[in-house]
>>> print(open('input_35.txt').read())   # compact mmCIF, C-alpha atoms
# COMPACT_ATOMS: atom_id res chain seq x y z
CA MET A 1 83.22 121.85 -1.40
CA LYS A 2 83.06 118.23 -2.49
CA ARG A 3 86.51 118.54 -4.09
CA ILE A 4 87.94 120.07 -0.92
CA ALA A 5 86.53 117.20 1.17
CA GLU A 6 88.07 114.63 -1.15
CA LEU A 7 91.46 116.43 -0.88
CA LEU A 8 91.30 116.37 2.95
CA LEU A 9 90.46 112.65 2.99
CA GLY A 10 93.43 111.97 0.72
CA LEU A 11 95.79 113.91 2.99
CA MET A 12 94.53 112.02 6.02
CA ALA A 13 95.11 108.69 4.29
CA VAL A 14 98.71 109.68 3.39
CA ALA A 15 99.33 110.77 6.98
CA ALA A 16 98.02 107.46 8.36
CA VAL A 17 100.26 105.44 6.07
CA THR A 18 103.28 107.61 6.93
CA TYR A 19 102.67 107.19 10.68
CA TRP A 20 102.27 103.42 10.31
CA LEU A 21 105.59 103.16 8.51
CA PHE A 22 107.71 105.78 10.26
CA GLY A 23 105.80 106.90 13.38
CA ASP A 24 107.95 105.05 15.95
CA ARG A 25 111.08 106.54 14.38
CA LEU A 26 109.76 110.04 14.46
CA MET A 27 108.27 109.72 17.98
CA PRO A 28 110.26 107.22 20.08
CA SER A 29 108.59 105.76 23.18
CA ASP A 30 109.64 106.73 26.72
CA GLY A 31 111.74 103.59 27.24
CA ALA A 32 113.41 103.71 23.81
CA THR A 33 116.56 105.59 22.89
CA THR A 34 117.86 106.63 19.50
CA ALA A 35 120.77 104.96 17.83
CA GLU A 36 122.98 107.94 18.56
CA GLU A 37 122.11 107.69 22.29
CA THR A 38 122.66 103.95 22.61
CA GLY A 39 125.26 103.31 19.97
CA ALA A 40 123.33 100.20 18.86
CA GLY A 41 124.49 98.51 15.69
CA THR A 42 122.60 98.43 12.43
CA ALA A 43 121.43 94.96 11.52
CA PRO A 44 121.37 93.67 7.96
CA GLY A 45 118.55 95.17 5.97
CA GLY A 46 119.07 98.59 7.52
CA ARG A 47 116.96 97.94 10.67
CA GLN A 48 118.26 99.29 13.93
CA GLY A 49 118.91 96.60 16.58
CA GLY A 50 118.15 93.75 14.20
CA GLY A 51 114.35 93.84 14.90
CA ARG A 52 111.49 95.66 13.47
CA PRO A 53 111.89 99.41 13.02
CA GLY A 54 111.57 101.17 16.40
CA ALA A 55 112.34 98.14 18.64
CA ASN A 56 114.02 98.76 22.06
CA ARG A 57 117.78 99.02 21.76
CA ALA A 58 120.66 98.18 24.12
CA ALA A 59 121.25 100.84 26.78
CA MET A 60 124.67 102.47 26.81
CA VAL A 61 126.32 101.77 30.19
CA THR A 62 129.67 101.62 31.94
CA MET A 63 130.69 98.38 33.63
CA GLN A 64 133.16 97.28 36.26
CA SER A 65 134.48 93.90 37.36
CA VAL A 66 133.78 92.70 40.90
CA ASP A 67 136.87 92.14 43.02
CA LEU A 68 137.35 90.95 46.59
CA SER A 69 138.99 93.37 48.95
CA PRO A 70 139.41 93.56 52.73
CA TYR A 71 138.26 96.62 54.60
CA ALA A 72 138.81 98.09 58.03
CA LEU A 73 136.31 99.32 60.60
CA GLU A 74 137.62 102.51 62.16
CA TYR A 75 136.46 104.03 65.44
CA GLN A 76 137.81 107.28 66.85
CA ALA A 77 137.49 108.67 70.35
CA VAL A 78 138.95 111.33 72.60
CA GLY A 79 140.62 109.89 75.69
CA THR A 80 142.71 110.84 78.69
CA ILE A 81 146.17 109.59 79.62
CA GLU A 82 146.16 108.10 83.11
CA SER A 83 148.80 106.56 85.32
CA THR A 84 148.22 102.85 85.87
CA ALA A 85 149.83 103.04 89.32
CA ARG A 86 148.83 106.31 90.97
CA VAL A 87 147.77 106.74 94.59
CA ALA A 88 146.71 109.86 96.45
CA VAL A 89 148.51 110.27 99.76
CA VAL A 90 146.32 111.46 102.64
CA ALA A 91 146.99 112.20 106.30
CA GLU A 92 145.60 109.52 108.60
CA ALA A 93 145.68 111.88 111.59
CA SER A 94 145.42 115.60 112.18
CA GLY A 95 148.33 117.70 113.36
CA ARG A 96 150.96 120.26 112.48
CA VAL A 97 153.69 119.44 109.94
CA GLU A 98 156.95 119.16 111.84
CA GLU A 99 159.26 117.81 109.14
CA LEU A 100 159.21 117.34 105.34
CA LEU A 101 161.23 114.29 104.39
CA VAL A 102 160.97 114.34 100.55
CA ALA A 103 160.63 116.84 97.70
CA PRO A 104 158.39 116.75 94.60
CA GLY A 105 159.89 114.56 91.90
CA ASP A 106 161.76 112.28 94.30
CA ARG A 107 161.50 108.55 93.63
CA VAL A 108 160.64 106.71 96.82
CA ALA A 109 160.17 103.11 97.86
CA ALA A 110 156.95 101.71 99.20
CA ASP A 111 156.36 102.66 102.86
CA ALA A 112 159.06 105.34 102.73
CA PRO A 113 158.35 108.33 105.10
CA LEU A 114 157.23 111.50 103.30
CA LEU A 115 156.56 113.90 106.21
CA ARG A 116 156.17 113.85 109.96
CA LEU A 117 153.53 115.51 112.10
CA GLU A 118 154.15 116.74 115.64
CA GLN A 119 154.08 113.75 117.98
CA ARG A 120 154.82 114.89 121.54
CA THR A 121 151.42 113.82 122.84
CA GLN A 122 151.68 110.42 121.20
CA THR A 123 155.18 109.92 122.54
CA LEU A 124 153.99 110.62 126.09
CA ASP A 125 151.01 108.30 125.64
CA LEU A 126 153.34 105.54 124.51
CA ALA A 127 155.63 106.02 127.51
CA SER A 128 152.66 105.90 129.88
CA ALA A 129 151.31 102.74 128.23
CA LYS A 130 154.71 101.06 128.48
CA ALA A 131 154.93 101.92 132.18
CA SER A 132 151.49 100.43 132.79
CA LEU A 133 152.52 97.32 130.92
CA THR A 134 155.63 96.94 133.02
CA GLU A 135 153.61 97.27 136.21
CA ALA A 136 151.08 94.69 135.01
CA GLN A 137 153.84 92.28 134.03
CA ASN A 138 155.50 92.60 137.46
CA ALA A 139 152.19 91.94 139.18
CA LEU A 140 151.63 88.85 137.05
CA GLU A 141 155.09 87.49 137.79
CA ARG A 142 154.57 88.02 141.51
CA VAL A 143 151.25 86.20 141.55
CA GLN A 144 152.64 83.35 139.49
CA ARG A 145 155.65 82.99 141.84
CA LEU A 146 153.48 82.90 144.95
CA SER A 147 151.18 80.41 143.32
CA SER A 148 154.05 78.10 142.45
CA THR A 149 155.73 78.18 145.91
CA GLY A 150 152.46 77.79 147.82
CA SER A 151 153.67 80.02 150.65
CA VAL A 152 150.67 82.26 150.15
CA ALA A 153 147.32 81.02 149.05
CA VAL A 154 146.78 82.34 145.54
CA THR A 155 143.71 81.27 143.65
CA SER A 156 143.60 80.59 139.95
CA VAL A 157 141.20 83.46 139.58
CA GLN A 158 143.80 85.88 140.89
CA VAL A 159 146.35 84.54 138.40
CA GLN A 160 143.87 84.91 135.57
CA GLU A 161 143.05 88.49 136.58
CA ALA A 162 146.74 89.40 136.60
CA GLN A 163 147.16 87.86 133.15
CA THR A 164 144.18 89.82 131.80
CA ALA A 165 145.55 93.08 133.19
CA THR A 166 148.86 92.40 131.47
CA ASN A 167 147.10 91.74 128.16
CA ILE A 168 145.14 94.97 128.42
CA ALA A 169 148.32 96.90 129.15
CA GLN A 170 149.96 95.35 126.07
CA VAL A 171 147.03 96.43 123.89
CA ALA A 172 147.40 99.96 125.21
CA VAL A 173 151.07 99.94 124.23
CA ASP A 174 150.24 98.69 120.73
CA ARG A 175 147.60 101.37 120.30
CA ALA A 176 149.99 104.10 121.45
CA GLU A 177 152.65 102.87 119.01
CA LEU A 178 150.09 102.89 116.19
CA GLU A 179 149.04 106.45 116.97
CA LEU A 180 152.68 107.49 117.04
CA ASP A 181 153.37 105.77 113.72
CA ARG A 182 150.37 107.47 112.11
CA ARG A 183 152.09 110.79 112.72
CA ILE A 184 154.48 109.81 109.92
CA VAL A 185 152.91 109.91 106.43
CA ARG A 186 154.38 107.16 104.24
CA ALA A 187 154.39 106.35 100.52
CA PRO A 188 151.69 103.75 99.71
CA ILE A 189 153.56 102.44 96.65
CA GLU A 190 156.91 102.75 94.96
CA GLY A 191 157.00 105.68 92.55
CA VAL A 192 157.60 109.38 92.05
CA VAL A 193 156.28 112.00 94.45
CA GLY A 194 154.08 114.71 92.96
CA LEU A 195 153.61 118.27 94.17
CA MET A 196 153.24 118.56 97.94
CA ASP A 197 150.14 120.32 99.23
CA ALA A 198 151.74 120.83 102.63
CA ARG A 199 154.42 123.11 104.01
CA LEU A 200 156.41 123.09 107.18
CA GLY A 201 154.18 124.34 110.00
CA ASP A 202 150.87 123.72 108.19
CA TYR A 203 148.08 122.14 110.19
CA LEU A 204 146.65 119.12 108.38
CA SER A 205 143.24 117.68 109.03
CA ALA A 206 142.68 113.95 109.00
CA ASN A 207 142.08 112.57 105.48
CA ALA A 208 143.49 115.72 103.85
CA GLN A 209 145.28 114.95 100.56
CA ILE A 210 148.95 115.79 100.71
CA THR A 211 150.42 114.59 97.41
CA THR A 212 150.37 111.71 94.92
CA VAL A 213 152.80 108.92 94.22
CA SER A 214 152.72 107.46 90.72
CA VAL A 215 154.76 105.37 88.33
CA PRO A 216 155.28 107.54 85.20
CA GLU A 217 156.48 104.57 83.13
CA GLN A 218 153.12 102.81 83.46
CA LEU A 219 150.43 104.74 81.60
CA LYS A 220 147.05 103.90 80.15
CA VAL A 221 144.46 105.75 78.12
CA GLY A 222 140.80 105.79 79.02
CA PHE A 223 138.23 106.45 76.29
CA SER A 224 134.66 105.68 75.23
CA LEU A 225 133.36 104.09 72.04
CA PRO A 226 129.83 103.81 70.58
CA GLU A 227 127.91 100.63 71.29
CA SER A 228 128.37 99.57 67.65
CA ALA A 229 132.01 98.85 68.53
CA VAL A 230 131.07 96.18 71.07
CA ALA A 231 131.09 93.53 68.35
CA VAL A 232 134.83 94.04 67.72
CA LEU A 233 136.03 95.01 71.20
CA GLU A 234 138.08 92.42 73.03
CA PRO A 235 141.12 92.48 75.34
CA GLY A 236 144.38 92.43 73.45
CA LEU A 237 143.33 94.61 70.51
CA MET A 238 145.81 97.34 69.61
CA VAL A 239 144.86 101.00 69.23
CA ASP A 240 146.72 104.04 67.91
CA VAL A 241 147.13 106.92 70.35
CA LEU A 242 147.89 110.40 69.03
CA LEU A 243 148.54 113.42 71.23
CA PRO A 244 148.25 117.09 70.22
CA SER A 245 151.42 117.72 72.22
CA ARG A 246 153.33 115.05 70.25
CA ILE A 247 152.42 115.86 66.65
CA GLY A 248 153.68 113.29 64.18
CA ARG A 249 154.21 110.53 66.73
CA VAL A 250 151.90 107.58 67.13
CA PHE A 251 151.85 105.60 70.38
CA LYS A 252 150.49 102.07 70.59
CA GLY A 253 148.06 100.89 73.24
CA GLN A 254 146.71 97.45 74.07
CA ILE A 255 143.13 97.14 75.31
CA THR A 256 143.22 95.72 78.84
CA ALA A 257 139.75 96.46 80.23
CA ILE A 258 136.24 96.87 78.80
CA ASP A 259 133.29 97.99 80.87
CA THR A 260 130.48 95.51 81.37
CA GLU A 261 127.76 98.11 80.79
CA ILE A 262 126.81 100.74 78.21
CA ASP A 263 125.89 104.18 79.46
CA THR A 264 122.15 104.53 78.88
CA THR A 265 122.46 108.29 78.35
CA THR A 266 125.44 108.57 76.02
CA ARG A 267 125.17 105.06 74.51
CA LEU A 268 128.94 104.73 74.97
CA ILE A 269 131.05 102.01 76.54
CA ASP A 270 134.21 102.79 78.55
CA VAL A 271 137.49 101.18 77.50
CA GLU A 272 141.05 101.23 78.85
CA ALA A 273 144.25 100.52 76.92
CA GLN A 274 147.77 100.11 78.31
CA LEU A 275 150.36 102.23 76.47
CA GLN A 276 153.24 100.24 75.02
CA GLY A 277 156.88 101.13 74.43
CA ASP A 278 158.65 104.34 75.41
CA VAL A 279 156.24 106.82 77.00
CA THR A 280 158.85 109.33 78.14
CA GLY A 281 157.40 112.81 78.33
CA LEU A 282 153.79 111.74 78.72
CA ARG A 283 151.92 112.82 81.81
CA HIS A 284 148.81 111.78 83.66
CA GLY A 285 145.84 113.86 82.48
CA MET A 286 147.00 114.50 78.89
CA ILE A 287 144.33 114.50 76.20
CA ALA A 288 144.67 111.92 73.43
CA ASN A 289 142.98 110.88 70.21
CA VAL A 290 142.42 107.13 70.08
CA VAL A 291 141.90 105.24 66.81
CA LEU A 292 140.75 101.62 66.73
CA ILE A 293 141.12 99.86 63.37
CA GLU A 294 139.72 96.35 62.94
CA GLU A 295 140.58 94.53 59.71
CA GLN A 296 137.68 92.61 58.18
CA ALA A 297 137.67 89.67 55.79
CA ALA A 298 137.69 90.31 52.05
CA MET A 299 134.27 90.99 50.50
CA PRO A 300 133.03 92.13 47.08
CA ALA A 301 133.98 95.78 46.66
CA ILE A 302 132.12 97.87 44.06
CA SER A 303 131.45 101.47 43.15
CA ALA A 304 128.74 103.25 45.10
CA LEU A 305 127.24 104.39 41.76
CA SER A 306 126.32 100.81 40.92
CA ILE A 307 123.85 100.53 43.82
CA SER A 308 120.20 100.63 42.78
CA TRP A 309 117.43 101.12 45.36
CA SER A 310 113.90 99.80 45.32
CA ARG A 311 111.22 98.71 47.79
CA GLU A 312 113.13 95.45 48.29
CA GLY A 313 116.31 97.31 49.22
CA ALA A 314 119.71 97.66 47.56
CA SER A 315 120.73 95.73 44.45
CA VAL A 316 123.13 95.78 41.50
CA PHE A 317 122.78 94.84 37.85
CA VAL A 318 125.06 92.05 36.63
CA ALA A 319 125.60 91.88 32.86
CA GLU A 320 125.91 88.52 31.12
CA GLU A 321 126.18 88.39 27.32
CA GLY A 322 124.58 91.79 26.95
CA THR A 323 121.65 91.09 29.28
CA VAL A 324 121.36 92.31 32.86
CA ARG A 325 119.88 90.66 35.93
CA ARG A 326 119.22 92.25 39.30
CA VAL A 327 121.18 90.86 42.28
CA PRO A 328 120.10 91.94 45.81
CA VAL A 329 122.98 93.03 48.05
CA THR A 330 123.50 94.21 51.62
CA ILE A 331 125.91 97.08 52.23
CA ARG A 332 128.41 96.20 54.95
CA HIS A 333 130.81 99.14 54.73
CA ARG A 334 131.21 102.40 52.83
CA LEU A 335 134.35 104.44 52.22
CA ASP A 336 134.20 107.48 49.94
CA ASP A 337 132.76 106.21 46.62
CA ARG A 338 133.42 102.54 47.34
CA VAL A 339 131.14 100.07 49.11
CA TRP A 340 131.58 96.53 50.37
CA VAL A 341 128.52 94.38 49.87
CA ASP A 342 127.25 90.95 50.78
CA GLY A 343 125.38 89.19 47.98
CA ALA A 344 125.49 86.56 45.25
CA LEU A 345 128.43 88.15 43.45
CA ALA A 346 131.53 86.37 42.19
CA VAL A 347 134.96 87.71 41.33
CA GLY A 348 134.97 88.93 37.74
CA ASP A 349 131.22 89.55 37.47
CA GLN A 350 130.50 92.57 35.28
CA ILE A 351 128.26 95.02 37.08
CA VAL A 352 126.75 98.20 35.68
CA VAL A 353 128.22 101.34 37.23
CA GLU A 354 126.80 104.18 35.12
CA GLY A 355 123.41 103.97 33.47
CA VAL A 356 121.73 102.01 36.27
CA GLN A 357 118.68 104.29 36.33
CA LYS A 358 117.54 103.24 32.83
CA LEU A 359 117.83 99.48 33.34
CA ARG A 360 115.22 96.82 34.00
CA GLU A 361 115.48 93.11 34.70
CA GLY A 362 116.46 91.34 31.49
CA GLY A 363 117.30 94.58 29.67
CA GLN A 364 119.95 94.83 26.96
CA VAL A 365 123.14 96.76 27.63
CA GLN A 366 126.19 97.79 25.66
CA THR A 367 129.39 99.60 26.51
CA LEU A 368 130.72 102.59 24.59
CA GLN A 369 133.90 100.73 23.66
CA LEU A 370 131.96 97.83 22.13
CA ALA A 371 129.65 100.17 20.22
CA GLN A 372 132.61 102.08 18.76
CA ALA A 373 134.28 98.83 17.73
CA GLU A 374 131.12 97.66 15.92
CA THR A 375 130.75 101.04 14.21
CA GLU A 376 134.36 100.96 12.98
CA GLU A 377 133.86 97.40 11.75
CA ARG A 378 130.80 98.38 9.75
CA ALA A 379 132.50 101.47 8.35
CA ALA A 380 135.59 99.56 7.16
CA PRO A 381 135.60 98.92 3.34
CA ARG A 382 135.00 95.33 2.32
CA PRO A 383 136.64 93.76 -0.78
CA ASN A 384 134.23 93.20 -3.69
CA ALA A 385 134.31 89.57 -4.71
CA GLN A 386 132.79 90.36 -8.17
CA GLU A 387 135.41 92.95 -9.11
CA PRO A 388 137.73 91.57 -11.87
CA SER A 389 141.42 91.37 -11.19
CA VAL A 390 143.98 93.61 -12.92
CA ASN A 391 145.30 90.76 -15.07
CA GLU A 392 141.83 90.22 -16.47
>>> encode(input="input_35.txt", output="structure tokens")
Amino acid sequence: MKRIAELLLGLMAVAAVTYWLFGDRLMPSDGATTAEETGAGTAPGGRQGGGRPGANRAAMVTMQSVDLSPYALEYQAVGTIESTARVAVVAEASGRVEELLVAPGDRVAADAPLLRLEQRTQTLDLASAKASLTEAQNALERVQRLSSTGSVAVTSVQVQEAQTATNIAQVAVDRAELELDRRIVRAPIEGVVGLMDARLGDYLSANAQITTVSVPEQLKVGFSLPESAVAVLEPGLMVDVLLPSRIGRVFKGQITAIDTEIDTTTRLIDVEAQLQGDVTGLRHGMIANVVLIEEQAAMPAISALSISWSREGASVFVAEEGTVRRVPVTIRHRLDDRVWVDGALAVGDQIVVEGVQKLREGGQVQTLQLAQAETEERAAPRPNAQEPSVNE
């Protein structure tokens, strides 16, 4: 038993010495990587990384240079094509349609007659009012003549009463003429007449819509954008307008009006843009897709893989002479796998793209290309200075 105990103690001593010499090679720590994983060079004396056996080695990473690049904010919305000059024509009086004076599609001037309602009653009222006016005017002239000759005593009150009666009669004539004129429905603006919602013989009520008159060459598009677009919205900006009925063609629109309020329910703001150029074939009420693109100033553009997140927010690792430092950044825009950031980055800075998750502040890094170059350099045969020459 004593011999067995001595043998066990000897084995334990050998194991302790072996672990002290080679333990960190056989069992690498969590933060360490093997030479095959990192590609670290072998320092003189056969020690990996140039330090004591088992020291932390440079992490294998992929880097990318920082460059400045502009980007564009893009907002899309569904809008409706509207006529800038479009007025609904309504009947100012009730009555039966006696005559249609235009047809749908006709271009008319402002105040041009479109249809006429029956007007016999109004014509008779006008004739009666004119007769009353004539009688009042004759009475006024008679009183004024008597007053001027002095043959009959005429007071100033009588002259004033005759004048008032004449004025009242004139107002009655004007009112009768207005009622007669209202029997003719006229175009409110210059433009093209739409479909007529009235036929010969129809009875129209007052304020009934008859048709529309619009200018087809003057069109706008109304749409709504999220409140985040308020920062870039301003009159004069250009938008692209695409229509499902005009595939492959892009119309241009210029923003002319922006609402002063944001809808508290939808969180959208209403915008209008005037269509530019040839709009032949477009109609009021068409659906349209509106795209607003706002170019932004150039900013550092990097790969999205290079972003590292922590409690402090987003950051990137910048490599300088094989050592990395963390630089906080703020993401301003993202497009696919590219992000534009705001931070203390300069053009040409080398940032880590792949391998970010294994880095720490001040850590050592190395690229695969550099590691391969060092390996090839070490593997290349070196001339032996002690070897005698052939002539010797």
>>> residues_around(input="input_35.txt", residues="Gln76 of chain A", least_positions_apart="5", cutoff="9 Å", atoms="all atoms listed in the file", output="VMD selection string")
chain A and resid 225 289 to 293
>>> residues_around(input="input_35.txt", residues="Ala198 of chain A", least_positions_apart="6", cutoff="10 Å", atoms="all atoms listed in the file", output="ChimeraX atom specification")
/A:96-97,100,115,204,208-211
>>> atom_distance(input="input_35.txt", atom1="atom CA of Gln350 of chain A", atom2="atom CA of Ala297 of chain A")
21.9 Å
>>> closest_residue(input="input_35.txt", among="A:Val327, A:Gln218, A:Glu321, A:Ser315", to="Gln276 of chain A", atoms="only C-alpha atoms")
A:Gln218
>>> closest_residue(input="input_35.txt", among="A:Met238, A:Val356, A:Leu243, A:Leu233", to="Thr260 of chain A", atoms="only C-alpha atoms")
A:Leu233
>>> residues_around(input="input_35.txt", residues="Gln137 of chain A", least_positions_apart="2", cutoff="9 Å", atoms="all atoms listed in the file", output="PyMOL selection string")
chain A and resi 132-135+139-142+162-163+165-167+169
>>> atom_distance(input="input_35.txt", atom1="atom CA of Ala59 of chain A", atom2="atom CA of Glu320 of chain A")
13.9 Å
>>> atom_distance(input="input_35.txt", atom1="atom CA of Asp263 of chain A", atom2="atom CA of Pro226 of chain A")
9.7 Å
>>> residues_around(input="input_35.txt", residues="Leu242 of chain A", least_positions_apart="6", cutoff="10 Å", atoms="only C-alpha atoms", output="ChimeraX atom specification")
/A:78-79,248-252,287-291
>>> axis_aligned_box(input="input_35.txt", around="segment 316-327 of chain A", padding_each_side="6 Å", output="AutoDock Vina command-line options")
--center_x 122.7 --center_y 92.1 --center_z 34.6 --size_x 19.0 --size_y 19.4 --size_z 27.3
>>> residues_near_point(input="input_35.txt", point="(146.5, 102.8, 85.1)", cutoff="6 Å", atoms="only C-alpha atoms", output="mmCIF file with C-alpha atoms, in the frame of the given file")
data_model
loop_
_atom_site.group_PDB
_atom_site.id
_atom_site.type_symbol
_atom_site.label_atom_id
_atom_site.label_comp_id
_atom_site.auth_asym_id
_atom_site.auth_seq_id
_atom_site.Cartn_x
_atom_site.Cartn_y
_atom_site.Cartn_z
ATOM 1 C CA GLU A 82 146.160 108.100 83.110
ATOM 2 C CA SER A 83 148.800 106.560 85.320
ATOM 3 C CA THR A 84 148.220 102.850 85.870
ATOM 4 C CA ALA A 85 149.830 103.040 89.320
ATOM 5 C CA LEU A 219 150.430 104.740 81.600
ATOM 6 C CA LYS A 220 147.050 103.900 80.150
#
